[in-house]
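Content type compact mmCIF, C-alpha atoms, from the file work.txt:
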```txt
# COMPACT_ATOMS: atom_id res chain seq x y z
CA MET A 1 -73.43 -46.98 -87.80
CA SER A 2 -74.51 -49.32 -90.56
CA ILE A 3 -72.08 -51.25 -92.74
CA THR A 4 -73.20 -49.31 -95.79
CA THR A 5 -72.54 -45.97 -94.10
CA THR A 6 -69.12 -47.13 -92.93
CA GLU A 7 -68.19 -48.22 -96.44
CA GLN A 8 -69.42 -44.91 -97.83
CA LEU A 9 -67.34 -42.91 -95.33
CA SER A 10 -64.23 -45.00 -95.92
CA ALA A 11 -64.53 -44.30 -99.63
CA THR A 12 -64.76 -40.52 -99.16
CA THR A 13 -61.77 -38.23 -98.96
CA LEU A 14 -60.57 -36.43 -95.85
CA LEU A 15 -60.16 -32.65 -95.77
CA ARG A 16 -58.24 -30.95 -93.00
CA PHE A 17 -59.13 -27.28 -92.78
CA ALA A 18 -58.62 -24.40 -90.37
CA THR A 19 -60.71 -21.33 -89.65
CA ALA A 20 -59.35 -17.91 -88.71
CA GLY A 21 -60.77 -14.45 -88.29
CA SER A 22 -60.56 -11.27 -86.26
CA VAL A 23 -62.29 -10.97 -82.92
CA ASP A 24 -66.10 -10.85 -83.25
CA ASP A 25 -66.06 -11.66 -86.95
CA GLY A 26 -68.35 -14.62 -86.17
CA LYS A 27 -65.87 -17.42 -86.75
CA SER A 28 -67.12 -19.68 -83.96
CA THR A 29 -70.69 -19.01 -85.06
CA LEU A 30 -69.78 -20.12 -88.59
CA VAL A 31 -68.23 -23.33 -87.28
CA GLY A 32 -71.23 -23.96 -85.06
CA ARG A 33 -73.58 -23.35 -87.99
CA LEU A 34 -71.60 -25.79 -90.14
CA LEU A 35 -71.81 -28.48 -87.46
CA HIS A 36 -75.47 -27.81 -86.70
CA ASP A 37 -76.82 -27.54 -90.24
CA SER A 38 -74.81 -30.56 -91.42
CA LYS A 39 -76.43 -32.52 -88.55
CA SER A 40 -73.06 -33.23 -86.97
CA VAL A 41 -74.08 -32.23 -83.43
CA LEU A 42 -75.33 -34.70 -80.86
CA THR A 43 -78.53 -34.02 -78.92
CA ASP A 44 -76.76 -33.68 -75.56
CA GLN A 45 -74.35 -31.13 -77.10
CA LEU A 46 -77.26 -29.03 -78.33
CA GLU A 47 -78.91 -29.25 -74.93
CA ALA A 48 -75.71 -28.11 -73.21
CA VAL A 49 -75.38 -25.17 -75.61
CA ALA A 50 -79.05 -24.22 -75.11
CA LEU A 51 -78.58 -24.27 -71.32
CA ALA A 52 -75.39 -22.19 -71.49
CA SER A 53 -77.12 -19.70 -73.81
CA THR A 54 -80.10 -19.41 -71.45
CA ASN A 55 -77.77 -18.78 -68.51
CA ARG A 56 -76.25 -15.93 -70.49
CA GLY A 57 -79.68 -14.41 -71.12
CA GLN A 58 -79.91 -15.35 -74.80
CA GLU A 59 -83.22 -16.45 -76.26
CA ALA A 60 -81.81 -18.65 -79.05
CA PRO A 61 -78.94 -21.17 -78.71
CA ASP A 62 -75.56 -19.57 -79.36
CA LEU A 63 -73.97 -21.93 -81.89
CA ALA A 64 -70.53 -20.44 -81.20
CA LEU A 65 -70.52 -22.36 -77.92
CA LEU A 66 -70.23 -25.61 -79.87
CA THR A 67 -66.55 -24.81 -80.37
CA ASP A 68 -65.65 -22.37 -77.58
CA GLY A 69 -65.17 -25.14 -75.05
CA LEU A 70 -62.91 -23.47 -72.48
CA ARG A 71 -64.59 -21.68 -69.58
CA ALA A 72 -62.49 -18.57 -70.29
CA GLU A 73 -63.67 -18.63 -73.92
CA ARG A 74 -67.33 -18.80 -72.95
CA GLU A 75 -66.97 -16.10 -70.33
CA GLN A 76 -65.17 -13.71 -72.68
CA GLY A 77 -67.01 -14.73 -75.84
CA ILE A 78 -63.72 -15.32 -77.69
CA THR A 79 -61.69 -18.26 -78.96
CA ILE A 80 -58.37 -18.87 -77.14
CA ASP A 81 -57.27 -22.44 -77.79
CA VAL A 82 -57.35 -24.42 -81.03
CA ALA A 83 -60.56 -26.45 -81.03
CA TYR A 84 -60.46 -29.57 -83.19
CA ARG A 85 -63.73 -31.01 -84.44
CA TYR A 86 -64.48 -34.04 -86.57
CA PHE A 87 -67.57 -34.28 -88.75
CA ALA A 88 -68.61 -35.97 -91.95
CA THR A 89 -71.10 -35.72 -94.78
CA PRO A 90 -71.87 -38.40 -97.37
CA ARG A 91 -69.36 -36.73 -99.71
CA ARG A 92 -66.36 -36.11 -97.45
CA ARG A 93 -64.90 -36.40 -93.97
CA PHE A 94 -63.52 -33.32 -92.21
CA ILE A 95 -61.07 -32.45 -89.45
CA LEU A 96 -61.61 -28.83 -88.49
CA ALA A 97 -59.18 -26.68 -86.50
CA ASP A 98 -60.95 -23.61 -85.13
CA THR A 99 -58.09 -21.20 -84.40
CA PRO A 100 -58.06 -17.99 -82.32
CA GLY A 101 -58.29 -14.54 -83.84
CA HIS A 102 -56.27 -12.49 -81.35
CA VAL A 103 -52.78 -11.31 -82.24
CA GLN A 104 -51.35 -12.91 -79.08
CA TYR A 105 -52.61 -16.30 -80.26
CA THR A 106 -50.86 -16.27 -83.66
CA ARG A 107 -48.90 -19.35 -82.54
CA ASN A 108 -52.19 -21.22 -82.09
CA MET A 109 -53.16 -20.48 -85.68
CA VAL A 110 -49.78 -21.77 -86.84
CA THR A 111 -50.44 -24.99 -84.91
CA GLY A 112 -53.94 -25.43 -86.34
CA ALA A 113 -53.06 -24.56 -89.93
CA SER A 114 -49.76 -26.46 -90.13
CA THR A 115 -51.48 -29.62 -91.45
CA ALA A 116 -54.44 -27.91 -93.13
CA GLU A 117 -55.16 -28.21 -96.83
CA LEU A 118 -57.61 -25.30 -96.73
CA ALA A 119 -58.02 -22.18 -94.59
CA VAL A 120 -61.27 -20.27 -94.09
CA VAL A 121 -60.54 -16.60 -93.30
CA LEU A 122 -63.53 -14.65 -92.00
CA VAL A 123 -64.08 -10.94 -92.57
CA ASP A 124 -66.81 -8.76 -91.06
CA ALA A 125 -68.61 -7.16 -94.01
CA ARG A 126 -68.93 -3.92 -92.03
CA ASN A 127 -65.17 -3.64 -91.37
CA GLY A 128 -63.65 -5.14 -94.50
CA VAL A 129 -60.04 -6.31 -94.66
CA VAL A 130 -58.24 -5.32 -91.45
CA GLU A 131 -54.69 -5.90 -90.17
CA GLN A 132 -55.60 -9.23 -88.56
CA THR A 133 -57.11 -10.39 -91.88
CA ARG A 134 -53.82 -9.71 -93.63
CA ARG A 135 -51.98 -11.43 -90.79
CA HIS A 136 -54.06 -14.59 -91.22
CA ALA A 137 -53.54 -14.58 -94.98
CA ALA A 138 -49.79 -14.22 -94.44
CA VAL A 139 -49.68 -17.14 -92.00
CA ALA A 140 -51.63 -19.31 -94.45
CA ALA A 141 -49.15 -18.40 -97.18
CA LEU A 142 -46.14 -19.11 -94.95
CA LEU A 143 -47.55 -22.54 -94.12
CA ARG A 144 -48.15 -23.26 -97.81
CA VAL A 145 -51.90 -23.88 -97.33
CA PRO A 146 -52.99 -24.56 -100.94
CA HIS A 147 -56.61 -23.32 -100.73
CA VAL A 148 -57.96 -20.21 -98.99
CA VAL A 149 -61.64 -19.32 -98.62
CA LEU A 150 -62.59 -15.72 -97.87
CA ALA A 151 -65.91 -15.83 -95.99
CA VAL A 152 -67.38 -12.34 -95.93
CA ASN A 153 -69.64 -12.64 -92.89
CA LYS A 154 -72.52 -10.57 -91.48
CA MET A 155 -73.83 -9.71 -94.92
CA ASP A 156 -77.26 -9.32 -93.26
CA LEU A 157 -75.91 -6.24 -91.48
CA VAL A 158 -75.03 -4.53 -94.77
CA ASP A 159 -78.36 -5.35 -96.43
CA TYR A 160 -76.76 -8.16 -98.46
CA ALA A 161 -75.19 -5.53 -100.72
CA GLU A 162 -73.18 -6.99 -103.60
CA PRO A 163 -70.85 -3.95 -103.97
CA VAL A 164 -69.72 -4.35 -100.35
CA PHE A 165 -68.83 -8.00 -100.94
CA ALA A 166 -67.17 -7.29 -104.30
CA ALA A 167 -64.90 -4.59 -102.85
CA ILE A 168 -63.75 -6.78 -99.96
CA ALA A 169 -63.19 -9.79 -102.21
CA LYS A 170 -61.13 -7.72 -104.66
CA GLU A 171 -58.88 -6.28 -101.93
CA PHE A 172 -58.28 -9.59 -100.17
CA THR A 173 -57.71 -11.56 -103.37
CA ALA A 174 -55.07 -9.10 -104.57
CA TYR A 175 -53.26 -9.23 -101.23
CA ALA A 176 -53.35 -13.04 -100.86
CA ALA A 177 -52.26 -13.54 -104.47
CA SER A 178 -49.26 -11.28 -103.86
CA LEU A 179 -48.23 -13.68 -101.07
CA GLY A 180 -48.32 -16.62 -103.45
CA VAL A 181 -51.58 -18.22 -102.27
CA PRO A 182 -52.48 -20.44 -105.26
CA GLU A 183 -56.27 -20.46 -104.94
CA ILE A 184 -58.68 -17.99 -103.32
CA THR A 185 -62.47 -18.41 -103.21
CA ALA A 186 -64.70 -15.62 -101.85
CA ILE A 187 -68.17 -16.45 -100.45
CA PRO A 188 -70.69 -13.96 -98.97
CA ILE A 189 -72.37 -15.40 -95.86
CA SER A 190 -74.35 -14.73 -92.72
CA ALA A 191 -73.30 -17.33 -90.17
CA LEU A 192 -75.96 -16.21 -87.70
CA ALA A 193 -78.80 -16.50 -90.22
CA GLY A 194 -77.29 -19.44 -92.11
CA ASP A 195 -77.03 -17.71 -95.49
CA ASN A 196 -74.67 -19.57 -97.87
CA VAL A 197 -73.17 -21.69 -95.08
CA VAL A 198 -74.89 -24.99 -95.77
CA GLU A 199 -77.96 -23.81 -97.69
CA PRO A 200 -77.96 -21.19 -100.50
CA SER A 201 -79.16 -17.75 -99.45
CA ALA A 202 -82.50 -16.41 -100.63
CA HIS A 203 -81.24 -12.88 -99.97
CA MET A 204 -78.25 -12.94 -102.32
CA ASP A 205 -79.53 -14.09 -105.70
CA TRP A 206 -76.69 -12.10 -107.27
CA TYR A 207 -74.21 -14.70 -105.98
CA GLY A 208 -73.97 -17.83 -108.09
CA GLY A 209 -71.09 -19.64 -106.41
CA PRO A 210 -71.04 -22.52 -103.92
CA THR A 211 -72.01 -22.43 -100.26
CA VAL A 212 -69.24 -22.90 -97.72
CA LEU A 213 -70.08 -26.57 -97.17
CA GLU A 214 -70.46 -27.23 -100.89
CA HIS A 215 -67.00 -25.79 -101.52
CA LEU A 216 -65.52 -27.80 -98.66
CA GLU A 217 -67.07 -30.96 -100.11
CA THR A 218 -65.87 -30.37 -103.66
CA VAL A 219 -62.52 -28.56 -103.42
CA PRO A 220 -59.87 -30.83 -104.96
CA VAL A 221 -57.65 -32.29 -102.26
CA SER A 222 -54.46 -33.99 -103.33
CA HIS A 223 -53.65 -36.85 -100.98
CA ASP A 224 -51.42 -38.35 -103.64
CA LEU A 225 -48.20 -38.35 -101.63
CA THR A 226 -46.93 -40.96 -104.06
CA ALA A 227 -46.09 -38.18 -106.49
CA CYS A 228 -43.77 -36.55 -103.92
CA HIS A 229 -40.08 -37.26 -103.31
CA ALA A 230 -39.89 -40.64 -101.55
CA ARG A 231 -38.83 -40.31 -97.91
CA PHE A 232 -38.72 -42.95 -95.15
CA PRO A 233 -37.61 -41.78 -91.68
CA VAL A 234 -36.44 -44.78 -89.66
CA GLN A 235 -38.33 -44.98 -86.38
CA TYR A 236 -37.17 -48.32 -84.97
CA VAL A 237 -34.59 -50.98 -85.79
CA ILE A 238 -35.97 -54.52 -85.51
CA ARG A 239 -33.41 -57.21 -84.61
CA PRO A 240 -35.10 -60.22 -82.96
CA GLN A 241 -31.85 -62.27 -82.79
CA THR A 242 -33.87 -65.42 -82.17
CA ALA A 243 -33.25 -68.97 -83.34
CA GLU A 244 -35.99 -68.49 -85.94
CA HIS A 245 -34.65 -65.13 -87.15
CA PRO A 246 -30.94 -65.04 -86.24
CA ASP A 247 -29.88 -62.51 -88.88
CA TYR A 248 -33.09 -60.51 -89.36
CA ARG A 249 -32.63 -56.74 -89.50
CA GLY A 250 -35.56 -54.53 -90.44
CA TYR A 251 -36.16 -50.79 -90.30
CA ALA A 252 -39.65 -49.80 -89.20
CA GLY A 253 -41.41 -46.48 -89.66
CA GLN A 254 -44.04 -44.55 -91.60
CA ILE A 255 -43.38 -43.56 -95.19
CA ALA A 256 -43.49 -39.75 -95.16
CA ALA A 257 -43.91 -39.39 -98.91
CA GLY A 258 -43.52 -41.19 -102.20
CA VAL A 259 -43.27 -44.87 -103.17
CA PHE A 260 -40.70 -47.55 -102.35
CA ARG A 261 -40.23 -50.78 -104.31
CA VAL A 262 -38.31 -53.98 -103.71
CA GLY A 263 -35.07 -53.90 -105.71
CA GLU A 264 -34.89 -50.09 -105.72
CA THR A 265 -31.52 -48.45 -105.13
CA VAL A 266 -31.65 -46.21 -102.07
CA SER A 267 -29.36 -44.05 -99.99
CA VAL A 268 -29.28 -44.03 -96.19
CA LEU A 269 -28.80 -40.50 -94.88
CA PRO A 270 -26.94 -38.75 -93.43
CA SER A 271 -24.17 -41.36 -94.00
CA GLY A 272 -24.84 -41.49 -97.75
CA ARG A 273 -24.32 -45.25 -97.97
CA THR A 274 -26.06 -46.82 -100.98
CA THR A 275 -27.80 -50.19 -101.12
CA THR A 276 -30.97 -51.79 -102.47
CA ILE A 277 -34.28 -52.70 -100.87
CA GLU A 278 -34.32 -56.44 -100.30
CA GLY A 279 -37.83 -56.67 -98.87
CA ILE A 280 -40.81 -54.67 -97.63
CA GLU A 281 -43.27 -55.90 -95.00
CA ALA A 282 -46.66 -54.32 -94.32
CA LEU A 283 -49.03 -55.68 -91.66
CA GLY A 284 -46.87 -58.78 -91.36
CA GLU A 285 -47.03 -59.61 -95.07
CA SER A 286 -44.30 -59.26 -97.68
CA VAL A 287 -45.15 -56.76 -100.43
CA ASP A 288 -43.35 -55.55 -103.54
CA ILE A 289 -44.38 -51.92 -103.23
CA ALA A 290 -45.39 -49.51 -100.44
CA TRP A 291 -46.41 -45.87 -100.42
CA ALA A 292 -47.15 -42.96 -98.08
CA PRO A 293 -48.54 -42.89 -95.46
CA GLN A 294 -48.19 -46.65 -94.87
CA SER A 295 -46.30 -47.93 -91.84
CA VAL A 296 -43.89 -50.63 -93.02
CA THR A 297 -40.66 -52.46 -92.30
CA ILE A 298 -37.93 -52.19 -94.92
CA ARG A 299 -35.07 -54.70 -95.23
CA LEU A 300 -31.89 -53.71 -97.03
CA ALA A 301 -29.61 -55.94 -99.07
CA ASP A 302 -26.41 -54.82 -97.34
CA ASP A 303 -25.62 -54.90 -93.64
CA ILE A 304 -24.91 -51.20 -93.11
CA ASP A 305 -25.21 -49.02 -90.04
CA VAL A 306 -28.77 -47.67 -89.85
CA SER A 307 -30.38 -46.32 -86.69
CA ARG A 308 -33.41 -44.34 -85.53
CA GLY A 309 -33.45 -40.91 -87.12
CA ASP A 310 -31.78 -41.96 -90.37
CA LEU A 311 -33.62 -41.28 -93.61
CA ILE A 312 -33.97 -43.74 -96.49
CA ALA A 313 -34.51 -42.11 -99.90
CA PRO A 314 -34.02 -43.03 -103.58
CA ALA A 315 -30.35 -42.80 -104.48
CA ASP A 316 -31.10 -40.53 -107.44
CA ASP A 317 -33.53 -38.30 -105.53
CA ALA A 318 -32.06 -37.84 -102.07
CA PRO A 319 -32.26 -34.55 -100.15
CA ALA A 320 -29.15 -32.53 -99.42
CA VAL A 321 -27.41 -33.19 -96.11
CA THR A 322 -26.46 -30.13 -94.07
CA GLN A 323 -25.58 -28.87 -90.62
CA ASP A 324 -26.57 -25.29 -91.41
CA VAL A 325 -30.35 -24.82 -91.37
CA GLU A 326 -31.90 -21.59 -92.60
CA ALA A 327 -35.61 -21.37 -91.95
CA THR A 328 -38.69 -19.32 -91.23
CA VAL A 329 -39.92 -20.01 -87.72
CA CYS A 330 -42.85 -19.17 -85.47
CA HIS A 331 -41.83 -18.88 -81.83
CA VAL A 332 -44.43 -20.57 -79.64
CA ALA A 333 -42.87 -20.52 -76.14
CA ASP A 334 -43.27 -17.78 -73.54
CA GLN A 335 -39.50 -17.50 -73.03
CA PRO A 336 -37.69 -15.80 -75.93
CA LEU A 337 -35.44 -17.45 -78.51
CA THR A 338 -32.04 -15.73 -78.56
CA VAL A 339 -28.87 -15.78 -80.64
CA GLY A 340 -26.41 -18.26 -79.16
CA GLN A 341 -29.11 -20.30 -77.43
CA ARG A 342 -28.55 -24.05 -77.19
CA VAL A 343 -31.51 -26.10 -78.33
CA LEU A 344 -32.51 -29.52 -79.56
CA LEU A 345 -33.73 -29.76 -83.16
CA LYS A 346 -36.29 -32.47 -83.87
CA HIS A 347 -36.73 -33.38 -87.53
CA THR A 348 -38.98 -36.38 -88.31
CA THR A 349 -37.60 -39.13 -86.03
CA ARG A 350 -34.18 -37.52 -85.52
CA THR A 351 -33.29 -35.22 -82.61
CA VAL A 352 -29.90 -33.47 -82.52
CA LYS A 353 -28.18 -30.74 -80.53
CA ALA A 354 -28.07 -27.33 -82.16
CA ILE A 355 -27.18 -23.69 -81.60
CA VAL A 356 -29.12 -20.65 -82.81
CA LYS A 357 -26.34 -18.92 -84.73
CA ASP A 358 -28.29 -15.94 -86.03
CA ILE A 359 -31.74 -14.35 -86.15
CA PRO A 360 -31.42 -12.23 -89.32
CA SER A 361 -34.90 -10.73 -89.21
CA ARG A 362 -38.34 -10.65 -87.64
CA LEU A 363 -41.36 -10.46 -89.94
CA THR A 364 -43.99 -7.80 -89.36
CA LEU A 365 -47.10 -9.50 -90.67
CA ASP A 366 -49.13 -6.29 -90.81
CA ASP A 367 -47.19 -4.97 -93.81
CA LEU A 368 -44.76 -7.88 -94.50
CA SER A 369 -41.78 -5.70 -93.66
CA GLN A 370 -38.59 -7.18 -92.19
CA HIS A 371 -37.18 -5.95 -88.88
CA PRO A 372 -33.45 -6.69 -89.24
CA ALA A 373 -31.33 -8.28 -86.50
CA PRO A 374 -33.93 -8.33 -83.71
CA GLY A 375 -31.61 -10.34 -81.47
CA GLN A 376 -34.46 -12.50 -80.19
CA LEU A 377 -37.93 -13.77 -81.00
CA VAL A 378 -40.71 -13.68 -78.40
CA ALA A 379 -43.99 -15.58 -78.28
CA ASN A 380 -45.97 -15.36 -81.54
CA ASP A 381 -43.08 -13.78 -83.46
CA ILE A 382 -42.34 -15.06 -86.95
CA GLY A 383 -38.82 -14.60 -88.22
CA ARG A 384 -35.79 -16.01 -89.99
CA VAL A 385 -33.22 -18.06 -88.09
CA VAL A 386 -29.93 -19.77 -88.87
CA VAL A 387 -29.28 -22.91 -86.82
CA ARG A 388 -26.09 -24.98 -86.69
CA THR A 389 -26.63 -28.65 -85.79
CA ALA A 390 -24.19 -31.04 -84.13
CA GLU A 391 -24.94 -33.75 -86.67
CA PRO A 392 -25.91 -33.59 -90.35
CA LEU A 393 -29.61 -33.56 -91.27
CA ALA A 394 -31.30 -34.69 -94.47
CA LEU A 395 -33.70 -31.79 -94.71
CA ASP A 396 -36.03 -30.90 -97.58
CA ALA A 397 -37.25 -27.38 -98.27
CA TYR A 398 -40.65 -26.80 -96.68
CA ALA A 399 -41.99 -25.64 -100.04
CA ALA A 400 -41.21 -29.11 -101.44
CA SER A 401 -42.41 -31.14 -98.45
CA ARG A 402 -44.37 -29.93 -95.45
CA ARG A 403 -43.54 -33.19 -93.67
CA THR A 404 -39.77 -33.46 -94.16
CA GLY A 405 -39.19 -29.71 -94.45
CA SER A 406 -40.52 -28.89 -90.97
CA PHE A 407 -38.86 -29.18 -87.58
CA LEU A 408 -39.14 -28.17 -83.93
CA LEU A 409 -36.68 -26.41 -81.66
CA ILE A 410 -36.88 -27.79 -78.12
CA ASP A 411 -35.52 -26.60 -74.78
CA PRO A 412 -32.94 -29.25 -73.76
CA ALA A 413 -33.49 -28.48 -70.07
CA ASP A 414 -37.16 -29.39 -69.76
CA GLY A 415 -38.33 -30.58 -73.21
CA THR A 416 -40.52 -27.52 -73.86
CA THR A 417 -41.30 -26.83 -77.51
CA LEU A 418 -39.80 -23.44 -78.33
CA THR A 419 -40.22 -22.90 -82.04
CA ALA A 420 -41.85 -24.42 -85.12
CA GLY A 421 -39.64 -24.16 -88.19
CA MET A 422 -40.07 -24.31 -91.96
CA ALA A 423 -36.79 -24.90 -93.80
CA GLY A 424 -35.86 -22.84 -96.83
CA ALA A 425 -37.11 -19.52 -98.09
CA SER A 426 -40.34 -17.85 -96.98
CA PHE A 427 -42.41 -15.63 -99.25
CA ALA A 428 -40.84 -12.57 -97.61
CA ALA A 429 -37.23 -13.74 -97.91
CA ALA A 430 -37.31 -15.51 -101.26
CA ASP A 431 -34.39 -13.41 -102.46
CA GLY A 432 -32.19 -15.15 -99.90
CA GLY A 433 -31.10 -11.85 -98.42
CA GLU A 434 -30.29 -13.18 -94.97
CA THR A 435 -27.10 -12.28 -93.20
CA ASP A 436 -24.37 -14.87 -92.70
CA ALA A 437 -24.55 -16.96 -89.58
CA ASP A 438 -22.38 -15.93 -86.66
CA THR A 439 -19.37 -18.25 -86.48
CA SER A 440 -17.93 -17.10 -83.13
CA ALA A 441 -16.69 -19.76 -80.72
CA GLU A 442 -19.20 -21.37 -78.36
CA ASP A 443 -18.94 -23.65 -75.37
CA ALA A 444 -16.91 -26.68 -76.48
CA GLU A 445 -19.73 -29.11 -75.73
CA TRP A 446 -22.03 -27.29 -78.15
CA ASP A 447 -19.48 -25.94 -80.63
CA PHE A 448 -20.34 -27.48 -84.03
```
Represent the structure contained in this file as structure tokens.
Amino acid sequence: MSITTTEQLSATTLLRFATAGSVDDGKSTLVGRLLHDSKSVLTDQLEAVALASTNRGQEAPDLALLTDGLRAEREQGITIDVAYRYFATPRRRFILADTPGHVQYTRNMVTGASTAELAVVLVDARNGVVEQTRRHAAVAALLRVPHVVLAVNKMDLVDYAEPVFAAIAKEFTAYAASLGVPEITAIPISALAGDNVVEPSAHMDWYGGPTVLEHLETVPVSHDLTACHARFPVQYVIRPQTAEHPDYRGYAGQIAAGVFRVGETVSVLPSGRTTTIEGIEALGESVDIAWAPQSVTIRLADDIDVSRGDLIAPADDAPAVTQDVEATVCHVADQPLTVGQRVLLKHTTRTVKAIVKDIPSRLTLDDLSQHPAPGQLVANDIGRVVVRTAEPLALDAYAASRRTGSFLLIDPADGTTLTAGMAGASFAAADGGETDADTSAEDAEWDF
């Protein structure tokens, strides 16, 4: 790559986006078309796809194979795992998470969309909005994905009819808006033929909006984490205790959000001790200011007890400290999550013991109804939980910060990830109508 191209790419923004759609809606074909038509596919990859397509008796290369990398996916013609792809155009760099469409792989979509700034939801023009379409819109809303694209695919199979597209777009937009999705863009496409994917379609002159790639290149993406509440999870305490640095004590980590300045008054949580920032070091150099997502070392004016897992935040803008966590979760493990179960809760760099005190409800994504007191959550379930932790946590609401408002529940026996959690209210429980956590006695070792 030339120096000029490298400089151009470094100056462009990065967009993380996820794709989702029902089975056979053509999602993998759309992704393959995006990669192919944007010239982001290497020659040997195209040759491998052409060979695999020939072996399956297809005359033309099946672009869906560019993302369906697992043998089971190619044999069944479906997407199972989350396939991550990187590609770039002169205007923007992209990290794409191609997520599965099956109901039993809802947890995979949660994984792929958890860091996405945009979600592309595919709909087959012949079938319109189906239950799985509504499920994908609901997951995007739960994860606070700020931009959603409705790609109405296979328009060639409905004679590129505008009324068909308009009816689907109207139904989906109304549903997604009711979930609180802030921006919805509908685009009629044919992934197989390439209509409105990278190049404008000659068959749909009634559509005057952007192509999929054009929208991806131009959608406003806010990477300005400096405007967020400043948060610095401590990852490592640096104490050389050498002759050259006998009293040096620094706290290393990555700034999760916001800006920190030398001389600023900060609180160390969960202890609540207040001090000022004496110095900030980035890449071995002293600086007066640092911002997310820089990795830095912060030195404090007072010698107070700070360890891995503590959170440094502005004294006048610190999150609340609590041992009672109420959250919306997606259960990702094969074994169920049950009331009374002992778990580890990992939040940023802090891991603490916890007990699942209550599971007030399980969300039915088909109609957004709540199933009260299910007793347990099984794989792919989304529900509300109340967790009691052994030690206080400085936890933001997920709606305010996707980074410091999220957490994992982990099996203490073998380290398996059980559940992905989003603290605070979900769109379906915004009225705070959860039941009180069970306060019955537990085993003394885990009784908080």
Å distance separating CA of Val262 in chain A from CA of Pro319 in chain A, one decimal place: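 If I compute the distance from CA of Val262 in chain A to CA of Pro319 in chain A, I get 20.7 Å.
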CA of Leu150 in chain A to CA of Thr29 in chain A, distance in Å rounded to a single decimal: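 Going from CA of Leu150 in chain A over to CA of Thr29 in chain A, I get 15.5 Å.
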Gap from CA of Arg107 in chain A to CA of Ala420 in chain A - Å, one decimal: 9.1 Å
Residues near range 355-363 of chain A, cut-off 6 Å, all atoms listed in the file, skip fewer than 5 positions along chain, as a list of chain:residue names: A:Val339, A:Gly340, A:Gln341, A:Arg342, A:Val343, A:Gln370, A:His371, A:Pro372, A:Ala373, A:Ile382, A:Gly383, A:Arg384, A:Val385, A:Val386, A:Val387, A:Arg388, A:Glu434, A:Thr435, A:Ala437, A:Asp438
Protein, DNA and RNA residues within 10 Å of (-32.8, -44.4, -104.2), only C-alpha atoms, as a list of chain:residue names: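 The residues that fall inside the cut-off are A:Ala230, A:Arg231, A:Phe260, A:Arg261, A:Gly263, A:Glu264, A:Thr265, A:Val266, A:Ser267, A:Val268, A:Thr274, A:Thr275, A:Thr276, A:Ile277, A:Ile312, A:Ala313, A:Pro314, A:Ala315, A:Asp316, A:Asp317, A:Ala318.
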Can I get the selection written as a tab-separated table (two decimals), in the frame of the given file, with C-alpha atoms?
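This went into out-v2.tsv:
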```tsv
chain	number	residue	atom	x	y	z
A	230	ALA	CA	-39.89	-40.64	-101.55
A	231	ARG	CA	-38.83	-40.31	-97.91
A	260	PHE	CA	-40.70	-47.55	-102.35
A	261	ARG	CA	-40.23	-50.78	-104.31
A	263	GLY	CA	-35.07	-53.90	-105.71
A	264	GLU	CA	-34.89	-50.09	-105.72
A	265	THR	CA	-31.52	-48.45	-105.13
A	266	VAL	CA	-31.65	-46.21	-102.07
A	267	SER	CA	-29.36	-44.05	-99.99
A	268	VAL	CA	-29.28	-44.03	-96.19
A	274	THR	CA	-26.06	-46.82	-100.98
A	275	THR	CA	-27.80	-50.19	-101.12
A	276	THR	CA	-30.97	-51.79	-102.47
A	277	ILE	CA	-34.28	-52.70	-100.87
A	312	ILE	CA	-33.97	-43.74	-96.49
A	313	ALA	CA	-34.51	-42.11	-99.90
A	314	PRO	CA	-34.02	-43.03	-103.58
A	315	ALA	CA	-30.35	-42.80	-104.48
A	316	ASP	CA	-31.10	-40.53	-107.44
A	317	ASP	CA	-33.53	-38.30	-105.53
A	318	ALA	CA	-32.06	-37.84	-102.07
```
Nearest candidate to Leu157 in chain A (options A:Ala174, A:Val129, A:Ile189, A:Val221; using only C-alpha atoms): A:Ile189
Spatial neighbours of range 130-145 of chain A, 9 Å, all atoms listed in the file, chain gap at least 3 places, as a ChimeraX atom specification: /A:20-23,101-103,106,109-110,113-119,121-123,127,148,172,175-176,179-182,328,364-368,398-399,402,422,426-428
Distance criterion (all atoms listed in the file): nearest to Ala379 in chain A out of A:Gln235, A:Pro210, A:Leu96, A:Asn108: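 Among the listed residues, the smallest separation from Ala379 in chain A belongs to A:Asn108.
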A:Val329, A:Ala167, A:Ile184, A:Ala97 ranked by distance to Val219 in chain A, top pick (using only C-alpha atoms):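 Checking each candidate against Val219 in chain A, we get A:Ile184 as the closest.
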Closest of A:Gly26, A:Gly405, A:Gly32, A:Pro374 to Ser190 in chain A - atom-to-atom distances counting only C-alpha atoms: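 Between A:Gly26, A:Gly405, A:Gly32, A:Pro374, the residue approaching Ser190 in chain A most closely is A:Gly26.
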